[in-house]
file model04.tsv (TSV, C-alpha atoms)
chain	number	residue	atom	x	y	z
J	1	MET	CA	157.25	-183.76	-11.03
J	2	LEU	CA	154.52	-185.31	-13.12
J	3	ILE	CA	151.94	-187.17	-13.02
J	4	PRO	CA	149.20	-189.42	-11.62
J	5	ASN	CA	149.07	-192.59	-13.62
J	6	LEU	CA	147.26	-194.94	-14.15
J	7	LYS	CA	147.78	-198.66	-13.67
J	8	HIS	CA	148.42	-200.61	-10.49
J	9	HIS	CA	152.09	-201.14	-11.28
J	10	ASP	CA	152.50	-197.36	-11.45
J	11	ARG	CA	151.34	-196.94	-7.87
J	12	SER	CA	154.19	-198.86	-6.33
J	13	PRO	CA	156.41	-196.82	-3.99
J	14	ASP	CA	159.35	-198.17	-5.97
J	15	HIS	CA	157.98	-196.68	-9.20
J	16	ASN	CA	159.60	-193.39	-10.20
J	17	PRO	CA	158.28	-190.99	-7.52
J	18	ASN	CA	158.73	-187.98	-9.77
J	19	HIS	CA	155.83	-189.33	-11.87
J	20	ASN	CA	153.53	-189.94	-8.91
J	21	LEU	CA	150.76	-187.68	-7.61
J	22	ASP	CA	151.26	-188.97	-4.06
J	23	TYR	CA	154.87	-187.84	-4.22
J	24	MET	CA	153.84	-184.44	-5.51
J	25	ILE	CA	151.37	-183.95	-2.69
J	26	ALA	CA	153.86	-185.07	-0.05
J	27	HIS	CA	156.49	-182.82	-1.60
J	28	PHE	CA	153.99	-179.97	-1.64
J	29	MET	CA	153.14	-180.41	2.08
J	30	GLN	CA	156.87	-180.55	2.87
J	31	SER	CA	157.29	-177.34	0.88
J	32	LEU	CA	154.57	-175.68	2.91
J	33	SER	CA	156.39	-176.65	6.09
J	34	THR	CA	159.62	-175.28	4.66
J	35	ILE	CA	157.88	-172.05	3.73
J	36	SER	CA	156.44	-171.71	7.24
J	37	ASN	CA	159.82	-172.42	8.86
J	38	GLY	CA	161.42	-169.95	6.54
J	39	LEU	CA	159.14	-167.04	7.42
J	40	LEU	CA	161.13	-166.23	10.56
J	41	THR	CA	164.34	-166.26	8.58
J	42	MET	CA	162.77	-163.96	5.99
J	43	ALA	CA	161.61	-161.58	8.70
J	44	ILE	CA	165.07	-161.47	10.32
J	45	ALA	CA	166.68	-160.89	6.93
J	46	MET	CA	164.30	-158.03	6.21
J	47	MET	CA	165.06	-156.42	9.60
J	48	ILE	CA	168.78	-156.66	8.94
J	49	THR	CA	168.33	-155.17	5.46
J	50	ILE	CA	166.28	-152.27	6.83
J	51	SER	CA	168.86	-151.64	9.55
J	52	LEU	CA	171.61	-151.53	6.96
J	53	SER	CA	169.60	-149.17	4.82
J	54	LEU	CA	169.24	-146.70	7.69
J	55	SER	CA	172.95	-146.63	8.31
J	56	LEU	CA	174.17	-146.84	4.72
J	57	ALA	CA	171.25	-145.14	2.91
J	58	ILE	CA	170.85	-148.19	0.69
J	59	ALA	CA	167.28	-149.15	-0.28
J	60	PRO	CA	166.43	-152.59	1.17
J	61	ALA	CA	165.25	-155.54	-0.87
J	62	VAL	CA	161.63	-156.39	-0.14
J	63	ALA	CA	160.33	-159.93	0.23
J	64	ALA	CA	156.58	-160.49	0.31
J	65	LEU	CA	154.02	-163.26	0.37
J	66	PRO	CA	151.01	-163.10	-1.96
J	67	THR	CA	148.66	-160.27	-0.93
J	68	LYS	CA	145.47	-161.86	-2.29
J	69	SER	CA	143.87	-165.10	-1.25
J	70	ALA	CA	142.88	-167.55	-3.94
J	71	ILE	CA	139.23	-167.67	-4.95
J	72	LYS	CA	138.12	-171.05	-3.64
J	73	ASP	CA	134.46	-170.98	-4.70
J	74	ALA	CA	134.04	-173.03	-7.88
J	75	ARG	CA	130.96	-171.06	-8.92
J	76	ILE	CA	132.88	-167.77	-8.78
J	77	ILE	CA	135.77	-169.29	-10.74
J	78	LEU	CA	133.37	-170.54	-13.41
J	79	ARG	CA	131.59	-167.18	-13.71
J	80	ASN	CA	134.93	-165.42	-14.09
J	81	ALA	CA	135.92	-167.92	-16.78
J	82	LEU	CA	133.03	-167.00	-19.06
J	83	PRO	CA	134.38	-165.21	-22.17
J	84	ILE	CA	132.36	-162.00	-21.89
J	85	ASP	CA	133.26	-158.33	-21.71
J	86	ASN	CA	130.39	-156.56	-19.98
J	87	GLU	CA	131.73	-154.48	-17.13
J	88	SER	CA	128.35	-153.51	-15.69
J	89	LEU	CA	127.42	-157.17	-15.20
J	90	ARG	CA	130.87	-157.96	-13.83
J	91	ASP	CA	130.45	-155.12	-11.31
J	92	ILE	CA	127.12	-156.55	-10.16
J	93	GLN	CA	128.69	-160.00	-9.95
J	94	ARG	CA	131.66	-158.87	-7.86
J	95	THR	CA	129.49	-156.82	-5.51
J	96	LEU	CA	127.15	-159.73	-4.85
J	97	GLU	CA	130.07	-162.12	-4.35
J	98	GLN	CA	131.49	-159.85	-1.64
J	99	MET	CA	128.25	-159.64	0.36
J	100	PRO	CA	128.80	-162.71	2.59
J	101	ARG	CA	132.18	-161.30	3.61
J	102	GLN	CA	130.64	-157.88	4.21
J	103	VAL	CA	128.06	-159.51	6.46
J	104	ASN	CA	130.76	-161.29	8.47
J	105	LEU	CA	132.43	-157.92	9.00
J	106	LYS	CA	129.05	-156.31	9.88
J	107	ARG	CA	129.44	-153.62	7.23
J	108	TRP	CA	125.73	-152.89	7.05
J	109	SER	CA	126.07	-149.35	5.69
J	110	SER	CA	128.24	-150.63	2.83
J	111	LEU	CA	125.77	-153.41	2.10
J	112	LYS	CA	122.89	-150.93	1.89
J	113	ARG	CA	124.86	-148.78	-0.54
J	114	ASP	CA	125.86	-151.85	-2.56
J	115	ILE	CA	122.32	-153.13	-3.07
J	116	GLU	CA	121.14	-149.66	-4.05
J	117	THR	CA	124.00	-149.37	-6.54
J	118	ILE	CA	123.12	-152.75	-8.04
J	119	ASN	CA	119.49	-151.73	-8.52
J	120	LYS	CA	120.50	-148.45	-10.17
J	121	ASN	CA	123.01	-150.26	-12.36
J	122	LEU	CA	120.32	-152.66	-13.56
J	123	VAL	CA	117.87	-149.88	-14.39
J	124	ARG	CA	120.54	-147.87	-16.20
J	125	ASN	CA	122.11	-150.72	-18.19
J	126	GLN	CA	119.31	-153.21	-18.80
J	127	ALA	CA	118.54	-152.01	-22.32
J	128	SER	CA	122.19	-152.09	-23.37
J	129	VAL	CA	122.66	-155.60	-21.95
J	130	ILE	CA	119.66	-156.86	-23.90
J	131	SER	CA	120.80	-155.17	-27.11
J	132	GLU	CA	124.25	-156.76	-26.75
J	133	ALA	CA	122.77	-160.26	-27.05
J	134	VAL	CA	122.05	-162.01	-30.32
J	135	SER	CA	118.43	-161.57	-31.37
J	136	ASP	CA	117.22	-165.08	-30.53
J	137	ARG	CA	118.44	-164.77	-26.93
J	138	ARG	CA	117.06	-161.36	-26.07
J	139	ASP	CA	113.77	-162.66	-24.70
J	140	LEU	CA	115.66	-165.14	-22.55
J	141	ILE	CA	118.00	-162.46	-21.20
J	142	THR	CA	115.02	-160.18	-20.53
J	143	ALA	CA	113.41	-162.94	-18.47
J	144	HIS	CA	116.64	-163.55	-16.54
J	145	LEU	CA	117.07	-159.83	-15.88
J	146	THR	CA	113.54	-159.71	-14.49
J	147	SER	CA	114.29	-162.71	-12.27
J	148	LEU	CA	117.50	-161.05	-11.09
J	149	THR	CA	115.64	-157.83	-10.23
J	150	ASN	CA	113.01	-159.80	-8.33
J	151	SER	CA	115.65	-161.76	-6.42
J	152	LEU	CA	117.15	-158.53	-5.13
J	153	VAL	CA	113.96	-157.60	-3.25
J	154	PRO	CA	114.28	-160.17	-0.43
J	155	LEU	CA	118.04	-159.59	-0.39
J	156	GLN	CA	117.53	-155.87	0.20
J	157	GLU	CA	114.97	-156.62	2.90
J	158	ALA	CA	117.39	-158.96	4.66
J	159	ILE	CA	120.05	-156.26	4.59
J	160	GLU	CA	117.63	-153.69	6.01
J	161	ILE	CA	116.80	-155.88	9.03
J	162	LYS	CA	120.38	-157.18	9.33
J	163	ASP	CA	119.38	-160.81	8.82
J	164	ARG	CA	122.85	-162.32	8.75
J	165	ASN	CA	121.62	-165.89	8.26
J	166	SER	CA	119.78	-165.21	5.00
J	167	ILE	CA	122.09	-162.95	3.03
J	168	LYS	CA	124.55	-165.59	1.78
J	169	ALA	CA	121.82	-167.78	0.27
J	170	LEU	CA	119.94	-164.80	-1.16
J	171	SER	CA	123.06	-163.31	-2.76
J	172	GLU	CA	123.92	-166.71	-4.28
J	173	LYS	CA	120.43	-166.98	-5.76
J	174	ALA	CA	120.88	-163.57	-7.37
J	175	LEU	CA	124.30	-164.65	-8.64
J	176	ASP	CA	122.74	-167.67	-10.33
J	177	TYR	CA	120.73	-165.27	-12.51
J	178	VAL	CA	123.80	-163.12	-13.15
J	179	GLY	CA	125.63	-166.24	-14.39
J	180	LEU	CA	122.73	-167.13	-16.69
J	181	ILE	CA	122.71	-163.63	-18.19
J	182	GLU	CA	126.47	-163.67	-18.69
J	183	ALA	CA	126.32	-167.08	-20.38
J	184	ASP	CA	123.49	-165.90	-22.66
J	185	LEU	CA	125.67	-163.02	-23.89
J	186	ILE	CA	128.14	-165.43	-25.51
J	187	ALA	CA	127.08	-165.39	-29.15
J	188	SER	CA	129.42	-168.14	-30.36
J	189	PHE	CA	132.46	-170.11	-29.33
J	190	PRO	CA	135.25	-167.51	-29.27
J	191	TYR	CA	138.17	-169.32	-30.95
J	192	GLU	CA	139.34	-172.35	-32.92
J	193	VAL	CA	141.64	-174.95	-31.43
J	194	PRO	CA	144.93	-175.63	-33.26
J	195	ALA	CA	144.57	-177.72	-36.42
J	196	LYS	CA	146.66	-180.46	-34.80
J	197	TYR	CA	143.81	-181.19	-32.38
J	198	ALA	CA	140.83	-180.07	-34.46
J	199	GLN	CA	139.74	-183.62	-35.29
J	200	LEU	CA	139.28	-184.53	-31.61
J	201	PRO	CA	135.92	-184.16	-29.84
J	202	GLN	CA	135.46	-180.62	-28.55
J	203	LEU	CA	133.04	-179.10	-26.07
J	204	LYS	CA	132.24	-175.66	-27.45
J	205	GLY	CA	130.50	-174.33	-24.37
J	206	ARG	CA	129.55	-175.95	-21.08
J	207	ALA	CA	127.85	-179.12	-19.95
J	208	LEU	CA	126.64	-180.66	-16.70
J	209	VAL	CA	127.47	-184.28	-15.87
J	210	GLU	CA	125.73	-186.23	-13.13
J	211	LEU	CA	128.11	-188.70	-11.53
J	212	VAL	CA	126.18	-191.45	-9.73
J	213	THR	CA	128.27	-193.46	-7.26
J	214	GLU	CA	127.72	-196.04	-4.55
J	215	LYS	CA	128.03	-193.25	-1.97
J	216	GLY	CA	125.78	-190.66	-3.62
J	217	ASN	CA	125.60	-188.29	-6.56
J	218	ALA	CA	127.64	-185.29	-7.68
J	219	ILE	CA	127.24	-182.74	-10.47
J	220	ILE	CA	130.28	-181.70	-12.48
J	221	THR	CA	130.19	-178.42	-14.42
J	222	VAL	CA	132.42	-179.05	-17.44
J	223	ASP	CA	133.95	-175.91	-19.00
J	224	GLY	CA	134.68	-176.17	-22.69
J	225	TYR	CA	135.38	-172.46	-22.98
J	226	SER	CA	138.66	-172.92	-21.11
J	227	ALA	CA	139.62	-176.46	-22.21
J	228	PRO	CA	137.48	-177.56	-25.19
J	229	VAL	CA	139.59	-180.59	-26.18
J	230	ASN	CA	139.93	-182.14	-22.73
J	231	ALA	CA	136.33	-181.28	-21.89
J	232	GLY	CA	135.24	-182.74	-25.23
J	233	GLN	CA	137.13	-185.96	-24.56
J	234	PHE	CA	135.41	-186.32	-21.19
J	235	ILE	CA	131.91	-185.55	-22.45
J	236	ASP	CA	132.34	-187.86	-25.45
J	237	LEU	CA	133.32	-190.74	-23.16
J	238	VAL	CA	130.46	-189.98	-20.77
J	239	GLN	CA	128.08	-190.12	-23.72
J	240	LYS	CA	129.51	-193.53	-24.65
J	241	GLY	CA	128.91	-194.89	-21.13
J	242	PHE	CA	132.66	-195.42	-20.74
J	243	TYR	CA	132.73	-194.60	-17.02
J	244	ASP	CA	129.71	-196.68	-16.03
J	245	GLY	CA	130.80	-199.40	-13.63
J	246	LEU	CA	134.42	-198.26	-13.24
J	247	THR	CA	135.94	-197.92	-9.79
J	248	PHE	CA	138.06	-195.28	-8.12
J	249	THR	CA	141.44	-196.92	-8.63
J	250	ARG	CA	143.45	-194.26	-6.80
J	251	ALA	CA	142.16	-192.32	-3.83
J	252	ASP	CA	143.20	-190.42	-0.75
J	253	GLU	CA	140.37	-189.01	1.31
J	254	ASN	CA	142.34	-185.84	2.03
J	255	TYR	CA	143.62	-185.09	-1.46
J	256	TYR	CA	142.10	-186.69	-4.54
J	257	LEU	CA	139.95	-189.35	-6.19
J	258	GLN	CA	140.86	-190.88	-9.54
J	259	THR	CA	138.83	-193.04	-11.92
J	260	GLY	CA	138.58	-193.81	-15.63
J	261	ASP	CA	140.99	-196.76	-15.73
J	262	PRO	CA	139.36	-199.48	-17.88
J	263	GLU	CA	139.70	-203.19	-17.11
J	264	GLY	CA	142.75	-204.96	-18.47
J	265	GLU	CA	146.19	-203.72	-19.40
J	266	ILE	CA	145.14	-200.64	-21.38
J	267	ASP	CA	145.36	-197.30	-19.60
J	268	GLY	CA	142.88	-195.18	-21.55
J	269	TYR	CA	140.21	-195.09	-24.23
J	270	ILE	CA	140.88	-197.15	-27.36
J	271	ASP	CA	139.31	-195.55	-30.41
J	272	PRO	CA	137.54	-198.40	-32.26
J	273	GLN	CA	138.14	-196.67	-35.60
J	274	THR	CA	141.92	-196.59	-35.21
J	275	GLY	CA	142.51	-199.34	-32.67
J	276	LYS	CA	144.79	-196.95	-30.80
J	277	GLU	CA	144.50	-195.02	-27.55
J	278	ARG	CA	142.97	-191.59	-28.12
J	279	ASN	CA	145.01	-188.96	-26.32
J	280	VAL	CA	144.44	-185.30	-25.51
J	281	PRO	CA	147.12	-182.63	-24.97
J	282	MET	CA	147.89	-180.32	-22.10
J	283	GLU	CA	145.46	-177.44	-22.50
J	284	VAL	CA	145.50	-174.49	-20.10
J	285	LEU	CA	144.02	-171.02	-20.58
J	286	LEU	CA	145.63	-167.91	-19.11
J	287	PRO	CA	143.49	-164.89	-18.13
J	288	ASP	CA	145.17	-162.58	-20.64
J	289	GLN	CA	144.95	-165.05	-23.53
J	290	LYS	CA	142.03	-165.82	-25.84
J	291	VAL	CA	143.23	-169.30	-26.80
J	292	PRO	CA	144.62	-171.95	-24.41
J	293	LEU	CA	148.27	-172.95	-24.36
J	294	TYR	CA	148.75	-176.45	-25.78
J	295	GLY	CA	151.31	-179.20	-25.55
J	296	LYS	CA	153.50	-178.12	-22.64
J	297	THR	CA	153.20	-177.74	-18.89
J	298	PHE	CA	153.77	-174.44	-17.10
J	299	GLU	CA	156.95	-175.94	-15.68
J	300	GLU	CA	158.25	-176.66	-19.17
J	301	MET	CA	157.35	-173.14	-20.33
J	302	GLY	CA	158.85	-171.39	-17.31
J	303	LEU	CA	155.41	-170.26	-16.11
J	304	THR	CA	155.46	-171.90	-12.68
J	305	GLY	CA	153.45	-169.74	-10.29
J	306	THR	CA	151.21	-168.35	-13.03
J	307	LEU	CA	147.49	-168.34	-12.28
J	308	PRO	CA	145.39	-170.13	-14.92
J	309	VAL	CA	141.73	-169.36	-15.59
J	310	LEU	CA	140.75	-172.70	-14.02
J	311	PRO	CA	143.05	-173.19	-11.03
J	312	PHE	CA	143.35	-175.94	-8.43
J	313	ALA	CA	141.85	-173.65	-5.82
J	314	ALA	CA	138.43	-175.20	-5.15
J	315	PHE	CA	137.46	-178.42	-3.44
J	316	GLY	CA	136.15	-180.64	-6.23
J	317	THR	CA	138.43	-179.43	-9.05
J	318	VAL	CA	138.25	-181.96	-11.92
J	319	ALA	CA	141.35	-182.52	-14.07
J	320	MET	CA	142.70	-184.94	-16.67
J	321	ALA	CA	145.30	-187.42	-15.42
J	322	HIS	CA	148.28	-188.21	-17.61
J	323	PRO	CA	151.54	-190.17	-17.41
J	324	ALA	CA	154.97	-188.56	-17.69
J	325	ASP	CA	154.01	-187.40	-21.18
J	326	ALA	CA	151.78	-184.40	-20.58
J	327	ASN	CA	150.09	-184.96	-23.94
J	328	ALA	CA	149.04	-188.54	-23.23
J	329	GLY	CA	145.89	-187.94	-21.19
J	330	SER	CA	143.04	-190.18	-22.28
J	331	SER	CA	140.19	-191.36	-20.05
J	332	GLN	CA	141.45	-191.12	-16.49
J	333	PHE	CA	140.59	-188.04	-14.49
J	334	PHE	CA	140.98	-187.02	-10.88
J	335	ILE	CA	138.98	-184.88	-8.48
J	336	TYR	CA	141.06	-182.62	-6.24
J	337	LEU	CA	139.87	-182.62	-2.63
J	338	PHE	CA	142.48	-180.73	-0.67
J	339	GLU	CA	141.59	-177.21	0.37
J	340	SER	CA	143.55	-174.92	2.65
J	341	GLU	CA	144.37	-171.30	3.19
J	342	LEU	CA	148.00	-172.32	2.57
J	343	THR	CA	147.37	-173.59	-0.98
J	344	PRO	CA	146.58	-170.51	-3.05
J	345	ALA	CA	146.18	-171.00	-6.77
J	346	GLY	CA	149.39	-170.48	-8.68
J	347	LEU	CA	151.51	-171.50	-5.69
J	348	ASN	CA	151.04	-175.28	-5.76
J	349	LEU	CA	152.50	-178.09	-7.82
J	350	LEU	CA	149.35	-178.78	-9.84
J	351	ASP	CA	148.39	-175.50	-11.57
J	352	GLY	CA	149.54	-175.60	-15.17
J	353	ASN	CA	150.84	-179.16	-14.88
J	354	TYR	CA	147.44	-180.75	-15.37
J	355	THR	CA	144.46	-179.66	-17.44
J	356	VAL	CA	141.49	-178.62	-15.31
J	357	PHE	CA	138.25	-178.96	-17.26
J	358	GLY	CA	135.59	-178.49	-14.60
J	359	TYR	CA	134.45	-178.45	-10.99
J	360	VAL	CA	132.06	-180.40	-8.82
J	361	THR	CA	129.38	-177.79	-8.18
J	362	ASP	CA	126.83	-179.95	-6.35
J	363	GLY	CA	127.20	-183.05	-4.20
J	364	LYS	CA	130.47	-182.23	-2.48
J	365	GLU	CA	129.33	-184.29	0.50
J	366	THR	CA	129.49	-187.34	-1.78
J	367	LEU	CA	133.18	-186.69	-2.42
J	368	ASP	CA	133.84	-186.83	1.32
J	369	LYS	CA	132.39	-190.35	1.45
J	370	LEU	CA	134.14	-191.91	-1.54
J	371	ARG	CA	137.07	-194.24	-0.97
J	372	LEU	CA	139.42	-196.46	-2.98
J	373	GLY	CA	137.45	-199.19	-4.73
J	374	ASP	CA	134.09	-197.40	-4.67
J	375	LYS	CA	132.22	-197.66	-7.94
J	376	VAL	CA	130.88	-195.15	-10.45
J	377	LEU	CA	127.43	-196.54	-11.18
J	378	SER	CA	126.87	-194.15	-14.08
J	379	ALA	CA	127.90	-190.85	-15.60
J	380	LYS	CA	125.34	-188.95	-17.65
J	381	VAL	CA	125.27	-185.60	-19.47
J	382	ILE	CA	122.21	-183.81	-18.12
J	383	SER	CA	122.64	-180.56	-20.07
J	384	GLY	CA	124.92	-179.08	-22.71
J	385	ALA	CA	125.25	-182.20	-24.87
J	386	GLU	CA	124.48	-180.04	-27.91
J	387	ASN	CA	127.80	-178.23	-27.34
J	388	LEU	CA	129.80	-181.38	-28.17
J	389	VAL	CA	131.22	-181.47	-31.68
J	390	ASN	CA	133.23	-184.19	-33.44
J	391	ALA	CA	131.65	-186.85	-31.27
J	392	THR	CA	132.73	-190.32	-32.38
J	393	ALA	CA	130.77	-193.55	-32.72
J	394	PRO	CA	130.82	-195.93	-29.74

call {"tool": "encode", "arguments": {"input": "model04.tsv", "output": "C-alpha cells"}}
result
Amino acid sequence: MLIPNLKHHDRSPDHNPNHNLDYMIAHFMQSLSTISNGLLTMAIAMMITISLSLSLAIAPAVAALPTKSAIKDARIILRNALPIDNESLRDIQRTLEQMPRQVNLKRWSSLKRDIETINKNLVRNQASVISEAVSDRRDLITAHLTSLTNSLVPLQEAIEIKDRNSIKALSEKALDYVGLIEADLIASFPYEVPAKYAQLPQLKGRALVELVTEKGNAIITVDGYSAPVNAGQFIDLVQKGFYDGLTFTRADENYYLQTGDPEGEIDGYIDPQTGKERNVPMEVLLPDQKVPLYGKTFEEMGLTGTLPVLPFAAFGTVAMAHPADANAGSSQFFIYLFESELTPAGLNLLDGNYTVFGYVTDGKETLDKLRLGDKVLSAKVISGAENLVNATAP
C-alpha cells in the first residue's frame, strides 16, 4: 500500500502499484464508491436484522458510520496538537471555534451566552493562567490575554447586531491570541525521542517556513511537538537551502504536490559527513500518547482507522514521502490537496502510513496553481529556527 517515491523510474505504471501514491488514491476513490454502493445493502441488512429481532427476541447487530466529521481546519488541528493541559483555555478555544457554525444555524441566543461565558471565564481564570507560565513568559501571556479580551469586544458587538459576515473573521482573530497563549504555556519540550534517532536534527517546538514558488508563496507551519525528527529533518534542509531551485516532480492538481528530489540518481539528502543518505523514521503521535510511535506504519501495527494527532484531514497537509521502507524518508515531501466530506481522518489510506509534520496555513491559493514541473524558488525559515537542535553543517 505504500508509498510515493521518488525517482522518474518509480512513476511508471508498470512499477509496483502497491508502492505508488497514485495507486493508493485511485484505490481510495474506488473504496469510497464501494462504501457508497454498500450503504443500501447495509440498510437492508439492518432492517432484516431488526425484523428478526422482533420475531425471535434476539438483539440485532448494529452497523454505523462515523458520527463525527473530521476537523478540516489546519489551524484548529494545530491548536489541538499543542501539548498543554489547561481546560479553561481549551473551553474558550472550542467555544470560539464553534461560532461560525452557530452563525450559520442562526443560534443567536447561544452565541450571546457563549461570548458572555468566555468573558467571565477570562476574568475568573486570568490570574491562574498567568501563574501557570514560567516566569519569563508571564509578561508576554499577560499582553496576549489583554489582546484576547480586547478582541472579544467587536465580536460581542457583531453578535448583538447579528452581523453574520463579520463573526467568522472576528472569532478567528480571537483564536489567534488563544493559540499564542496556549503556546506560551509550554515551558519546555515535553519528551525525548528514542536514543536510536537522538543524533538526528530535531525541531523541539514549531517553526514557520515560507515557500516561494513560480506561482506564488505559501506558509507552512511545521510542528515539532508531534513529529520532532521529521520536522527537524525538513527545517535543517530548508536552512541549508536544499529545496531552492527544485521542481515539483510529482503532482496531481486534485490530490498532491511532491518536491525535494535532487538532481541526479540520488533520491534524498546525502550527509556530507557520512557520504550516505540521511533517513528519518515513521513518526506518528496518537492523542493518548506523550511520545510518538516510531518505526512502523499503522497498518503494520494493526492501527488502521486510528486518528493521529496530525491527520490527513486538511487541504495543505504536509508529509514526508518515503519508498516501500517506511523508515527511509529523506528529503522528499508532499502536500496533500484533496479535501472532501467523504474523507474523514482515520478512514483514508494515508493516516498513519506517512508522517505528517505540518500544514500550509497561508497561501492555499498558491497550491491550486502549482503543477508538475513548477519550481520552488526558495524555502526559508521565517520563525522558530531557534527550536532546531542537532543541526548539521551544509

call {"tool": "atom_distance", "arguments": {"input": "model04.tsv", "atom1": "CA of Phe315 (chain J)", "atom2": "CA of Leu337 (chain J)"}}
result
4.9 Å

call {"tool": "closest_residue", "arguments": {"input": "model04.tsv", "among": "J:Gly260, J:Gly245, J:Gly352, J:Gly275", "to": "Gly305 (chain J)", "atoms": "all atoms listed in the file"}}
result
J:Gly352

call {"tool": "closest_residue", "arguments": {"input": "model04.tsv", "among": "J:Leu105, J:Ile141, J:Leu211, J:Leu185", "to": "Pro83 (chain J)", "atoms": "only C-alpha atoms"}}
result
J:Leu185

call {"tool": "closest_residue", "arguments": {"input": "model04.tsv", "among": "J:Val178, J:Asn353, J:Ile220, J:Thr249", "to": "Gly302 (chain J)", "atoms": "all atoms listed in the file"}}
result
J:Asn353

call {"tool": "residues_around", "arguments": {"input": "model04.tsv", "residues": "Val123 (chain J)", "least_positions_apart": "4", "cutoff": "12 Å", "atoms": "all atoms listed in the file", "output": "list of chain:residue names"}}
result
J:Ser88, J:Glu116, J:Thr117, J:Ile118, J:Asn119, J:Ala127, J:Ser128, J:Val129, J:Ile130, J:Leu145, J:Thr146, J:Leu148, J:Thr149

call {"tool": "atom_distance", "arguments": {"input": "model04.tsv", "atom1": "CA of Asn104 (chain J)", "atom2": "CA of Asp368 (chain J)"}}
result
26.7 Å

call {"tool": "atom_distance", "arguments": {"input": "model04.tsv", "atom1": "CA of Tyr269 (chain J)", "atom2": "CA of Ser330 (chain J)"}}
result
6.0 Å

call {"tool": "residues_around", "arguments": {"input": "model04.tsv", "residues": "Asp374 (chain J)", "least_positions_apart": "2", "cutoff": "9 Å", "atoms": "only C-alpha atoms", "output": "ChimeraX atom specification"}}
result
/J:213-215,246-249,370-372,376

call {"tool": "residues_around", "arguments": {"input": "model04.tsv", "residues": "Asn230 (chain J)", "least_positions_apart": "3", "cutoff": "12 Å", "atoms": "only C-alpha atoms", "output": "ChimeraX atom specification"}}
result
/J:193,197-198,200-204,222-227,233-237,278-284,292,294,318-322,327-333,354-358,388

call {"tool": "closest_residue", "arguments": {"input": "model04.tsv", "among": "J:Val212, J:Ile181, J:Ile115, J:Ala313", "to": "Asp139 (chain J)", "atoms": "all atoms listed in the file"}}
result
J:Ile181

call {"tool": "closest_residue", "arguments": {"input": "model04.tsv", "among": "J:Glu182, J:Gln126, J:Gln156, J:Phe189", "to": "Trp108 (chain J)", "atoms": "only C-alpha atoms"}}
result
J:Gln156
